[in-house]
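Q: Below: one structure in structure tokens.
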Amino acid sequence: MRLLLFVSLSGLGAAGALQAATWEGQGLRSALIDLCFVGDGLSNNPTRVQEIRALLPEFTRAVNVRFNDLGNCPAPTILANGNEDYGAGLRIRVSGSNITDPASGMIAGKGCQHAQVGSSFAMFPDEAEAHRSCVYNVQIWDDADSSGVHYRNHPLHEIGHALGLRHEHIRADAISSSACQDADFGGNFSDGYITPYDRFSVMNYYHPSCGISGNYGHQGLSALDVLGLRVLYPDAGNSARYFGKLVAREGEAIQVYGGWTWLGAAPNATRNINWWLDGTSQGQNSSYTWQLRPGAHTVALQYTDLVGKSFSSTFQVTVLTDEQYRRRVIAPIVSPLL
Ligand SMILES: [Zn+2]
């Protein structure tokens, strides 16, 4: 079995590069993502292609992304300067694709300025956009466990990069959060945090001595991988997320929670949060508890996420008088028993 390293190109030390759930800081994709298999991959290695395709629902059922699977990658358009433009969708190279990279060690494609990498890798969204002249921007080889089963987490890891996720194990808080002392574990990257450090993330490398399977596991996306991707690829409409006790009985408190913190995200995931109650500014806490007079009250919530996208919601909270509470809440519960 070949031992391949799973590094993003940026992970190799490209200038300005930073390295889930942690956002790389190099762009995001649109919610509808073109995806194709380069060269002869589809016809020569249909089994591997099908394995990769079978993993795509891990993303689509969790977050607001959809893959437009084109099958074989289409031919490039030719730019005015003669360079090829293959687009910025996920262009996946698998074993058997019969792509011949230039002898110079660059990825194939007229105008492509990106070093060929032997390991599996995926370009981050902005990298893919900047390298539209490259024949492929994702490479997924056949690494397998001792039983010969391809690691489920491996394609998820690379597609995670393509969606913008950084290596989880190079976070500045990875060592302190996990107590893992492996030599190649840990890093200095302290930006882009979406969730607390996640030892179960597919975006880790394989550190078996620390119980971290990472890209060499079969567990699939972790709960925090999913949460991180939900923050990066929110539902359409940019509605601010809120939760709480929105209907109370007279004398009880209304409680509201906004943004992503209440779901377990890092503070970094929700920024510039602001609340208004009946038109009066309340402040910038992630949650509030209010004692309100009976009646309907209007709450407005706004925040931005870690990439600067704005979200807002306006909703009502209601305090019922004792009489209203008996009529609306108690009576409907009791009446079916009569
Ligand atoms: Zn990687």
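Every chain in the structure tokens takes a letter, A first, then B, and so on in the order presented; its residues are numbered from 1, and the ligands are numbered from 1 following the presented order.
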Identify, with DSSP run on backbone atoms, the residues in range 197-261 of chain A assigned to alpha helix (DSSP H), and express the list as a list in words.
A: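 After running DSSP on the backbone, range 197-261 of chain A has alpha helix (DSSP H) at Ala223, Leu224, Asp225, Val226, Leu227, Gly228, Leu229, Arg230, Val231 and Leu232 of chain A.
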Q: How would you write, as an NGL selection string, the set of residues in range 19-260 of chain A that DSSP gives as strand (DSSP E)?
A: :A and (32-37 or 66-72 or 77-78 or 84-85 or 90-93 or 121-122 or 138-139 or 242-245 or 247-249 or 254-258)
Q: Identify which of the residues A:Tyr303, A:Phe67, A:Tyr197, A:Tyr206 lies closest to ligand 1, counting only C-alpha atoms and all ligand atoms when measuring atom-to-atom distances.
A: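 Selected residue with least distance to ligand 1: A:Tyr206.
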Q: When you draw a straight line from CA of Lys309 in chain A to CA of Cys36 in chain A, how long is it in Å?
A: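 The value is 28.9 Å.
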Q: Please list as a list of chain:residue names every residue within 6 Å of Val319 in chain A, counting only C-alpha atoms and excluding residues in the same chain fewer than 2 positions away.
A: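 Once the adjacent positions are removed, what remains is A:Val247, A:Ala248, A:Arg249, A:Glu250, A:Pro294, A:Gly295.
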Q: Write out as a short mmCIF file (atom, residue, chain, number, x, y, z; two decimals) with C-alpha atoms, in the first residue's frame which residues come within 10 Å of Met106 in chain A when counting only C-alpha atoms, dropping same-chain ones fewer than 3 positions away.
A:
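What landed in part-v1.cif:
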```
data_model
loop_
_atom_site.label_atom_id
_atom_site.label_comp_id
_atom_site.auth_asym_id
_atom_site.auth_seq_id
_atom_site.Cartn_x
_atom_site.Cartn_y
_atom_site.Cartn_z
CA THR A 100 0.05 13.47 -18.47
CA ASP A 101 1.50 16.36 -16.54
CA PRO A 102 4.33 18.35 -18.15
CA ALA A 103 7.82 17.13 -17.50
CA GLY A 109 -3.22 22.70 -18.95
CA CYS A 112 -1.62 26.43 -15.73
CA GLN A 113 0.88 27.66 -13.18
CA HIS A 114 0.58 25.14 -10.42
CA ALA A 115 3.05 22.48 -9.34
CA GLN A 116 2.05 18.88 -9.84
CA VAL A 117 1.71 17.14 -6.47
CA CYS A 134 -5.30 23.63 -14.84
#
```
Q: Can you tell me which residues surround Arg152 in chain A at a distance of at most 8 Å, considering only C-alpha atoms, apart from same-chain residues fewer than 5 positions away, and format the answer as a list in words?
A: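 Skipping anything fewer than 5 positions along the chain leaves Leu55, Asn215, Tyr216, Gly217, His218, Gln219 and Gly220 of chain A.
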Q: Please produce a file of the residues just selected, as an mmCIF file, in the first residue's frame, where the atoms kept are N, CA and C atoms.
A:
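Output file again34.cif is given in full below:
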```cif
data_model
loop_
_atom_site.group_PDB
_atom_site.id
_atom_site.type_symbol
_atom_site.label_atom_id
_atom_site.label_comp_id
_atom_site.auth_asym_id
_atom_site.auth_seq_id
_atom_site.Cartn_x
_atom_site.Cartn_y
_atom_site.Cartn_z
ATOM 1 N N LEU A 55 -20.288 9.497 -1.725
ATOM 2 C CA LEU A 55 -19.996 10.280 -0.524
ATOM 3 C C LEU A 55 -20.548 11.697 -0.601
ATOM 4 N N ASN A 215 -8.202 11.741 8.157
ATOM 5 C CA ASN A 215 -8.510 11.375 6.778
ATOM 6 C C ASN A 215 -8.347 9.878 6.512
ATOM 7 N N TYR A 216 -7.802 9.138 7.474
ATOM 8 C CA TYR A 216 -7.650 7.691 7.331
ATOM 9 C C TYR A 216 -8.675 6.946 8.194
ATOM 10 N N GLY A 217 -9.846 7.498 8.293
ATOM 11 C CA GLY A 217 -10.911 6.850 9.044
ATOM 12 C C GLY A 217 -12.085 6.533 8.146
ATOM 13 N N HIS A 218 -13.067 5.929 8.732
ATOM 14 C CA HIS A 218 -14.279 5.549 7.993
ATOM 15 C C HIS A 218 -15.548 6.148 8.607
ATOM 16 N N GLN A 219 -15.362 7.093 9.545
ATOM 17 C CA GLN A 219 -16.536 7.581 10.294
ATOM 18 C C GLN A 219 -17.379 8.574 9.505
ATOM 19 N N GLY A 220 -16.813 9.236 8.528
ATOM 20 C CA GLY A 220 -17.546 10.271 7.810
ATOM 21 C C GLY A 220 -17.442 11.614 8.502
#
```
Q: Measuring atom to atom with only C-alpha atoms and all ligand atoms, identify which of A:Arg328, A:Arg293, A:Lys245, A:His157 is nearest to ligand 1.
A: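 Residue with the minimum atom-to-atom distance to ligand 1: A:His157.
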